[in-house]
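Engineer: Dropping in my_file16.tsv, which is TSV, C-alpha atoms and all ligand atoms:
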```tsv
chain	number	residue	atom	x	y	z
A	1	MET	CA	88.66	76.77	100.50
A	2	SER	CA	90.04	79.15	97.85
A	3	ARG	CA	91.65	78.83	94.43
A	4	PHE	CA	93.78	81.90	95.22
A	5	LYS	CA	97.10	82.05	97.07
A	6	ALA	CA	96.99	85.73	98.01
A	7	VAL	CA	94.56	88.60	98.40
A	8	ILE	CA	95.79	92.14	97.74
A	9	PHE	CA	93.67	94.92	99.19
A	10	ASP	CA	93.39	98.60	98.36
A	11	LEU	CA	93.04	100.76	101.49
A	12	ASP	CA	91.01	103.94	100.89
A	13	GLY	CA	87.38	103.06	100.25
A	14	VAL	CA	87.90	99.36	100.90
A	15	ILE	CA	89.20	99.04	104.45
A	16	THR	CA	88.51	102.58	105.66
A	17	ASP	CA	86.75	105.60	104.26
A	18	THR	CA	89.37	108.32	103.96
A	19	ALA	CA	87.66	109.79	100.86
A	20	HIS	CA	85.90	112.39	103.01
A	21	TYR	CA	89.20	113.62	104.48
A	22	HIS	CA	90.75	113.80	100.99
A	23	TYR	CA	87.65	115.73	99.92
A	24	LEU	CA	87.98	118.31	102.69
A	25	ALA	CA	91.70	118.82	102.09
A	26	TRP	CA	91.43	119.02	98.28
A	27	LYS	CA	88.43	121.35	98.48
A	28	GLN	CA	90.30	123.86	100.61
A	29	LEU	CA	93.34	123.66	98.33
A	30	ALA	CA	91.29	123.94	95.11
A	31	GLU	CA	89.30	126.92	96.37
A	32	SER	CA	92.50	128.67	97.46
A	33	GLN	CA	93.38	128.58	93.73
A	34	GLY	CA	89.93	129.69	92.57
A	35	VAL	CA	88.93	126.21	91.39
A	36	HIS	CA	85.43	124.90	92.12
A	37	PHE	CA	85.55	121.52	93.89
A	38	ASP	CA	82.61	119.28	94.74
A	39	HIS	CA	81.85	115.65	95.63
A	40	GLU	CA	81.58	114.63	91.99
A	41	PHE	CA	85.09	115.92	91.29
A	42	ASN	CA	86.32	114.13	94.41
A	43	GLU	CA	84.84	110.85	93.12
A	44	SER	CA	86.92	111.16	89.95
A	45	LEU	CA	90.09	111.39	92.07
A	46	LYS	CA	89.57	108.04	93.84
A	47	GLY	CA	92.61	105.84	93.44
A	48	ILE	CA	94.57	108.60	91.67
A	49	ASP	CA	97.87	109.53	93.34
A	50	ARG	CA	98.57	112.92	94.95
A	51	MET	CA	100.34	114.71	92.08
A	52	GLY	CA	97.95	113.21	89.52
A	53	SER	CA	95.00	114.52	91.54
A	54	LEU	CA	96.58	117.97	91.83
A	55	ASP	CA	97.14	118.11	88.06
A	56	LEU	CA	93.46	117.31	87.46
A	57	ILE	CA	92.41	120.10	89.85
A	58	LEU	CA	94.83	122.69	88.46
A	59	ALA	CA	93.69	121.91	84.91
A	60	SER	CA	90.68	124.12	85.77
A	61	ALA	CA	92.80	126.97	87.19
A	62	SER	CA	93.26	130.21	85.30
A	63	ARG	CA	97.03	130.00	85.14
A	64	GLN	CA	99.96	127.61	84.73
A	65	TYR	CA	101.98	126.37	87.70
A	66	THR	CA	105.69	125.60	87.91
A	67	PRO	CA	106.76	122.17	89.20
A	68	GLU	CA	107.98	123.88	92.41
A	69	GLU	CA	104.61	125.56	92.95
A	70	LYS	CA	102.85	122.24	92.42
A	71	LEU	CA	105.03	120.49	94.99
A	72	ALA	CA	104.31	123.27	97.49
A	73	LEU	CA	100.55	123.04	96.90
A	74	ALA	CA	100.62	119.24	97.22
A	75	ASP	CA	102.45	119.70	100.50
A	76	VAL	CA	99.82	122.13	101.81
A	77	LYS	CA	97.07	119.62	100.95
A	78	ASN	CA	98.97	116.75	102.53
A	79	ARG	CA	99.59	118.59	105.81
A	80	HIS	CA	95.89	119.38	106.06
A	81	TYR	CA	95.05	115.73	105.26
A	82	GLN	CA	97.50	114.49	107.89
A	83	GLU	CA	95.88	116.75	110.46
A	84	LEU	CA	92.46	115.33	109.56
A	85	ILE	CA	93.57	111.67	109.81
A	86	SER	CA	95.49	112.18	113.06
A	87	THR	CA	92.43	111.31	115.13
A	88	MET	CA	91.50	108.15	113.17
A	89	SER	CA	91.13	104.94	115.17
A	90	ALA	CA	89.81	101.39	114.87
A	91	ALA	CA	86.34	102.97	114.89
A	92	ASP	CA	87.09	104.10	111.30
A	93	LEU	CA	87.40	100.55	109.96
A	94	LEU	CA	84.67	99.87	107.40
A	95	PRO	CA	82.16	97.13	108.34
A	96	GLY	CA	83.42	93.67	107.40
A	97	ALA	CA	87.03	94.75	106.83
A	98	VAL	CA	88.64	92.97	109.80
A	99	ALA	CA	86.44	89.89	109.30
A	100	ALA	CA	87.55	89.72	105.64
A	101	LEU	CA	91.24	89.98	106.60
A	102	ASP	CA	90.80	87.30	109.25
A	103	THR	CA	88.98	84.99	106.80
A	104	VAL	CA	91.84	85.28	104.32
A	105	ARG	CA	94.37	84.61	107.07
A	106	ALA	CA	92.43	81.60	108.38
A	107	ALA	CA	92.30	80.14	104.84
A	108	GLY	CA	96.11	80.23	104.78
A	109	LEU	CA	96.46	82.83	102.02
A	110	ARG	CA	99.01	85.66	101.94
A	111	ILE	CA	97.74	89.21	102.44
A	112	GLY	CA	99.06	92.34	100.72
A	113	LEU	CA	98.18	96.03	100.64
A	114	ALA	CA	98.44	98.03	97.41
A	115	SER	CA	97.54	101.66	98.12
A	116	VAL	CA	99.10	104.55	96.22
A	117	SER	CA	98.68	106.67	99.35
A	118	LYS	CA	101.97	107.76	100.90
A	119	ASN	CA	100.00	107.97	104.17
A	120	ALA	CA	99.02	104.28	104.07
A	121	PHE	CA	101.41	103.21	106.85
A	122	THR	CA	100.09	105.97	109.12
A	123	VAL	CA	96.46	105.05	108.40
A	124	LEU	CA	97.10	101.31	109.01
A	125	GLY	CA	98.76	102.22	112.31
A	126	ARG	CA	95.85	104.39	113.41
A	127	LEU	CA	93.42	101.61	112.48
A	128	GLY	CA	95.57	99.12	114.44
A	129	ILE	CA	95.76	96.54	111.63
A	130	THR	CA	99.38	96.83	110.40
A	131	ASP	CA	100.26	93.31	111.57
A	132	LYS	CA	97.44	91.75	109.58
A	133	PHE	CA	99.42	92.25	106.34
A	134	ASP	CA	102.33	90.13	105.10
A	135	TYR	CA	103.44	92.92	102.79
A	136	VAL	CA	102.49	96.59	102.39
A	137	VAL	CA	103.73	98.32	99.23
A	138	ASP	CA	105.56	101.57	99.99
A	139	ALA	CA	103.84	103.98	97.58
A	140	ALA	CA	106.98	106.15	97.55
A	141	THR	CA	108.73	103.37	95.58
A	142	ILE	CA	106.06	103.12	92.87
A	143	ALA	CA	106.79	104.97	89.62
A	144	ARG	CA	103.39	104.68	87.91
A	145	GLY	CA	100.05	105.07	89.68
A	146	LYS	CA	96.84	103.14	89.01
A	147	PRO	CA	95.54	102.19	86.41
A	148	ASP	CA	99.10	101.00	85.76
A	149	PRO	CA	99.48	97.48	87.22
A	150	GLU	CA	102.88	98.22	88.82
A	151	ILE	CA	101.66	98.39	92.43
A	152	PHE	CA	99.69	95.13	92.26
A	153	LEU	CA	102.53	93.34	90.47
A	154	ARG	CA	104.96	94.54	93.15
A	155	ALA	CA	102.71	93.23	95.91
A	156	ALA	CA	102.37	89.82	94.22
A	157	HIS	CA	106.12	89.62	93.65
A	158	GLU	CA	106.94	90.46	97.27
A	159	LEU	CA	104.36	87.96	98.50
A	160	GLY	CA	105.96	85.32	96.29
A	161	VAL	CA	102.70	84.58	94.45
A	162	ALA	CA	102.01	84.57	90.69
A	163	PRO	CA	99.60	87.35	89.61
A	164	ALA	CA	97.15	84.75	88.25
A	165	ASP	CA	96.86	83.33	91.78
A	166	CYS	CA	95.95	86.70	93.30
A	167	LEU	CA	92.61	88.25	94.12
A	168	GLY	CA	92.68	92.07	94.07
A	169	VAL	CA	90.13	94.15	95.96
A	170	GLU	CA	89.37	97.72	94.83
A	171	ASP	CA	86.71	100.45	95.02
A	172	ALA	CA	88.05	102.71	92.24
A	173	VAL	CA	87.70	102.37	88.47
A	174	ALA	CA	91.43	103.06	88.05
A	175	GLY	CA	92.20	100.44	90.71
A	176	VAL	CA	90.09	97.71	89.09
A	177	ALA	CA	91.80	98.50	85.78
A	178	ALA	CA	95.19	98.10	87.49
A	179	ILE	CA	94.20	94.69	88.90
A	180	LYS	CA	93.00	93.46	85.51
A	181	ALA	CA	96.13	94.80	83.78
A	182	ALA	CA	98.16	92.82	86.34
A	183	GLY	CA	96.35	89.63	85.24
A	184	MET	CA	94.53	89.14	88.56
A	185	PHE	CA	90.93	88.42	89.52
A	186	ALA	CA	89.22	91.72	90.44
A	187	LEU	CA	86.73	92.02	93.26
A	188	GLY	CA	85.07	95.44	93.08
A	189	ILE	CA	83.61	97.23	96.10
A	190	GLY	CA	80.83	99.52	94.93
A	191	HIS	CA	78.37	99.45	92.03
A	192	PRO	CA	78.53	97.04	89.06
A	193	PHE	CA	77.55	99.81	86.62
A	194	VAL	CA	80.57	101.85	87.75
A	195	LEU	CA	83.14	99.05	88.21
A	196	THR	CA	82.34	97.45	84.87
A	197	GLU	CA	85.77	95.82	84.48
A	198	ALA	CA	85.56	93.91	87.79
A	199	ASP	CA	84.97	90.15	87.75
A	200	VAL	CA	82.60	90.35	90.74
A	201	VAL	CA	81.23	93.44	92.51
A	202	ILE	CA	79.94	93.57	96.08
A	203	THR	CA	78.61	96.55	98.04
A	204	SER	CA	81.07	96.31	100.94
A	205	LEU	CA	83.43	93.85	102.61
A	206	LYS	CA	80.46	92.80	104.75
A	207	GLU	CA	79.57	90.61	101.75
A	208	PHE	CA	83.09	89.20	101.32
A	209	ASN	CA	82.89	85.45	100.67
A	210	LEU	CA	86.33	84.08	99.73
A	211	ALA	CA	85.04	80.64	98.75
A	212	ALA	CA	82.71	82.15	96.16
A	213	TYR	CA	85.33	83.75	93.88
A	301	LIG	C1	94.34	106.86	97.41
A	301	LIG	C2	93.09	107.73	97.38
A	301	LIG	C3	93.34	108.98	96.56
A	301	LIG	C4	94.60	109.68	97.05
A	301	LIG	C5	95.79	108.75	96.91
A	301	LIG	C6	97.11	109.39	97.36
A	301	LIG	O1	94.46	106.24	96.19
A	301	LIG	O2	92.00	107.01	96.85
A	301	LIG	O3	92.21	109.82	96.69
A	301	LIG	O4	94.85	110.86	96.30
A	301	LIG	O5	95.53	107.60	97.71
A	301	LIG	O6	97.10	109.63	98.73
A	301	LIG	P1	98.23	110.41	99.52
A	301	LIG	O7	97.92	110.08	100.96
A	301	LIG	O8	99.54	109.87	99.09
A	301	LIG	O9	98.09	111.85	99.19
A	302	MG	MG	90.42	103.06	96.94
```
Could you rewrite the structure in this file as structure tokens?
Structural biologist:
Amino acid sequence: MSRFKAVIFDLDGVITDTAHYHYLAWKQLAESQGVHFDHEFNESLKGIDRMGSLDLILASASRQYTPEEKLALADVKNRHYQELISTMSAADLLPGAVAALDTVRAAGLRIGLASVSKNAFTVLGRLGITDKFDYVVDAATIARGKPDPEIFLRAAHELGVAPADCLGVEDAVAGVAAIKAAGMFALGIGHPFVLTEADVVITSLKEFNLAAY
């Protein structure tokens, strides 16, 4: 049914839409530092890890920040974000997400999660889908964020599958680049004119068709 042996999913924007919560938390933080923050800026942060995102925001600030100040600001943002996601539930699963996971499982493939979010375990728990994954990468153990392939290569390694036998699923440009750099087939979720590096692009997991890739 599939030429792949594993499917490795991103979380934010693929399985659930946490982008809005990140937006609210980053906006409050940015404005507290006098930095303008809008939806377009938020889009450019998709798939970028917490400290990387903060650096991009503070690049527009009027002063320099010490590493300690940056850690404190990242912590303020994260606490706000955690408050916002504390009421998430299975109702926040994106359409087609559970069906896609179940299709992959039924086809006998391994399933991994490669999110750079340090809140991924919490979000999976709130969504009630933790046990659908054979392996979830702990973002705290990843040295280089997307577009570096490290996180996808780690997932493949832990699943015991060669990268060439993996299908990666991503909504962010940096994420698709990471999948391709890992030597995997990239399924993009979004628009083909944005995710230009993806092998196939679909609008949402509602269109997921494992046999077609
Ligand atoms: C995902 C999101 C990013 C977010 C990153 C880190 O990749 O797309 O917007 O910044 O995770 O999330 P965290 O929960 O660790 O702050
Ligand atoms: Mg994403």
Engineer: Around (94.2, 94.6, 83.8), as given in the file, which residues come within 12 Å? Count only C-alpha atoms and list them as a list in words.
Structural biologist: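 Final list of nearby residues, as requested, is Lys146, Pro147, Asp148, Pro149, Glu150, Phe152, Leu153, Pro163, Ala164, Gly168, Val173, Ala174, Gly175, Val176, Ala177, Ala178, Ile179, Lys180, Ala181, Ala182, Gly183, Met184, Phe185, Ala186, Glu197, Ala198 and Asp199 of chain A.
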Engineer: Looking at only C-alpha atoms, which of A:Val123, A:Leu101, A:Ile8, A:Ala25 is the one that sits closest to Lys206 in chain A?
Structural biologist: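 For Lys206 in chain A, the nearest of the given residues is A:Leu101.
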Engineer: Could you pull out the residues sitting within 6 Å of ligand MG 302 (chain A), using all atoms listed in the file, and write them as a PyMOL selection string?
Structural biologist: chain A and resi 10-14+46-47+170-172
Engineer: Taking all atoms listed in the file into account, which residues are within 9 Å of ligand LIG 301 (chain A), as a PyMOL selection string?
Structural biologist: chain A and resi 10-13+18-19+22-23+42-54+74+77-78+81-82+115-120+139-140+145-146+171-172+175
Engineer: What's the 6 Å shell around Leu109 in chain A, counting all atoms listed in the file, without same-chain residues fewer than 3 positions away, as a VMD selection string?
Structural biologist: chain A and resid 5 to 6 104 to 105
Engineer: Check the smallest atom-to-atom distance from each of A:Met88, A:Ala156, A:Ile189, A:Leu167 to Ala211 in chain A using only C-alpha atoms, then report the winner.
Structural biologist: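 Closest to Ala211 in chain A, using only C-alpha atoms: A:Leu167.
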Engineer: Quick one: pull the distance between CA of His157 in chain A and CA of Gly112 in chain A, Å, one decimal.
Structural biologist: 10.4 Å
Engineer: Interatomic distance between CA of Arg79 in chain A and CA of Lys27 in chain A?
Structural biologist: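 Straight-line distance from CA of Arg79 in chain A to CA of Lys27 in chain A works out to 13.6 Å.
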Engineer: State, in Å with one decimal place, the distance from CA of Ala72 in chain A to CA of Thr141 in chain A.
Structural biologist: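 It comes out at 20.5 Å.
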Engineer: Can you tell me, as JSON, the centre and edge lengths (Å, one decimal) of the axis-aligned box enclosing all of range 80-92 of chain A's listed atoms after padding each side by 8 Å?
Structural biologist:
```
{"center_x": 91.9, "center_y": 110.4, "center_z": 110.2, "size_x": 27.2, "size_y": 34.0, "size_z": 25.9}
```
Engineer: Quick one: of A:Ile15, A:Val161, A:Ala212, A:Val201, who's nearest to Ala100 in chain A, counting only C-alpha atoms?
Structural biologist: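 Of A:Ile15, A:Val161, A:Ala212, A:Val201, the one nearest Ala100 in chain A is A:Ile15, counting only C-alpha atoms.
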Engineer: Excluding Val137 in chain A and any residue of its chain fewer than 6 positions from it, enumerate the residues within 8 Å of it, using only C-alpha atoms, and give them as a list of chain:residue names.
Structural biologist: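 Skipping anything fewer than 6 positions along the chain leaves A:Gly112, A:Leu113, A:Ala114, A:Ser115, A:Ile151, A:Arg154, A:Ala155.
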Engineer: Hey, which of A:Val136, A:Leu24, A:Ile57, A:Val7 ends up closest to His36 in chain A? Count only C-alpha atoms.
Structural biologist: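 Looking at the shortest contact to His36 in chain A, the residue is A:Ile57.
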Engineer: Go through A:Asp55, A:Asp165, A:Glu69, A:Asp38 and flag the residue nearest His20 in chain A, using all atoms listed in the file for the distances.
Structural biologist: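 Checking each candidate against His20 in chain A, we get A:Asp38 as the closest.
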Engineer: Between A:Ser60, A:Gln33, A:Thr16, A:Thr196, which residue has the minimum interatomic distance to Gly128 in chain A, considering only C-alpha atoms?
Structural biologist: A:Thr16
Engineer: Extract, using only C-alpha atoms, all DNA, RNA and protein residues at most 7 Å from Pro95 in chain A, discarding same-chain residues fewer than 2 positions from it, and format them as a VMD selection string.
Structural biologist: chain A and resid 93 97 205 to 206
Engineer: Can you pull out the residues contacting Ser62 in chain A? Cut-off 9 Å, using all atoms listed in the file, and skip same-chain residues under 4 positions away; I want them as a PyMOL selection string.
Structural biologist: chain A and resi 33-35+58
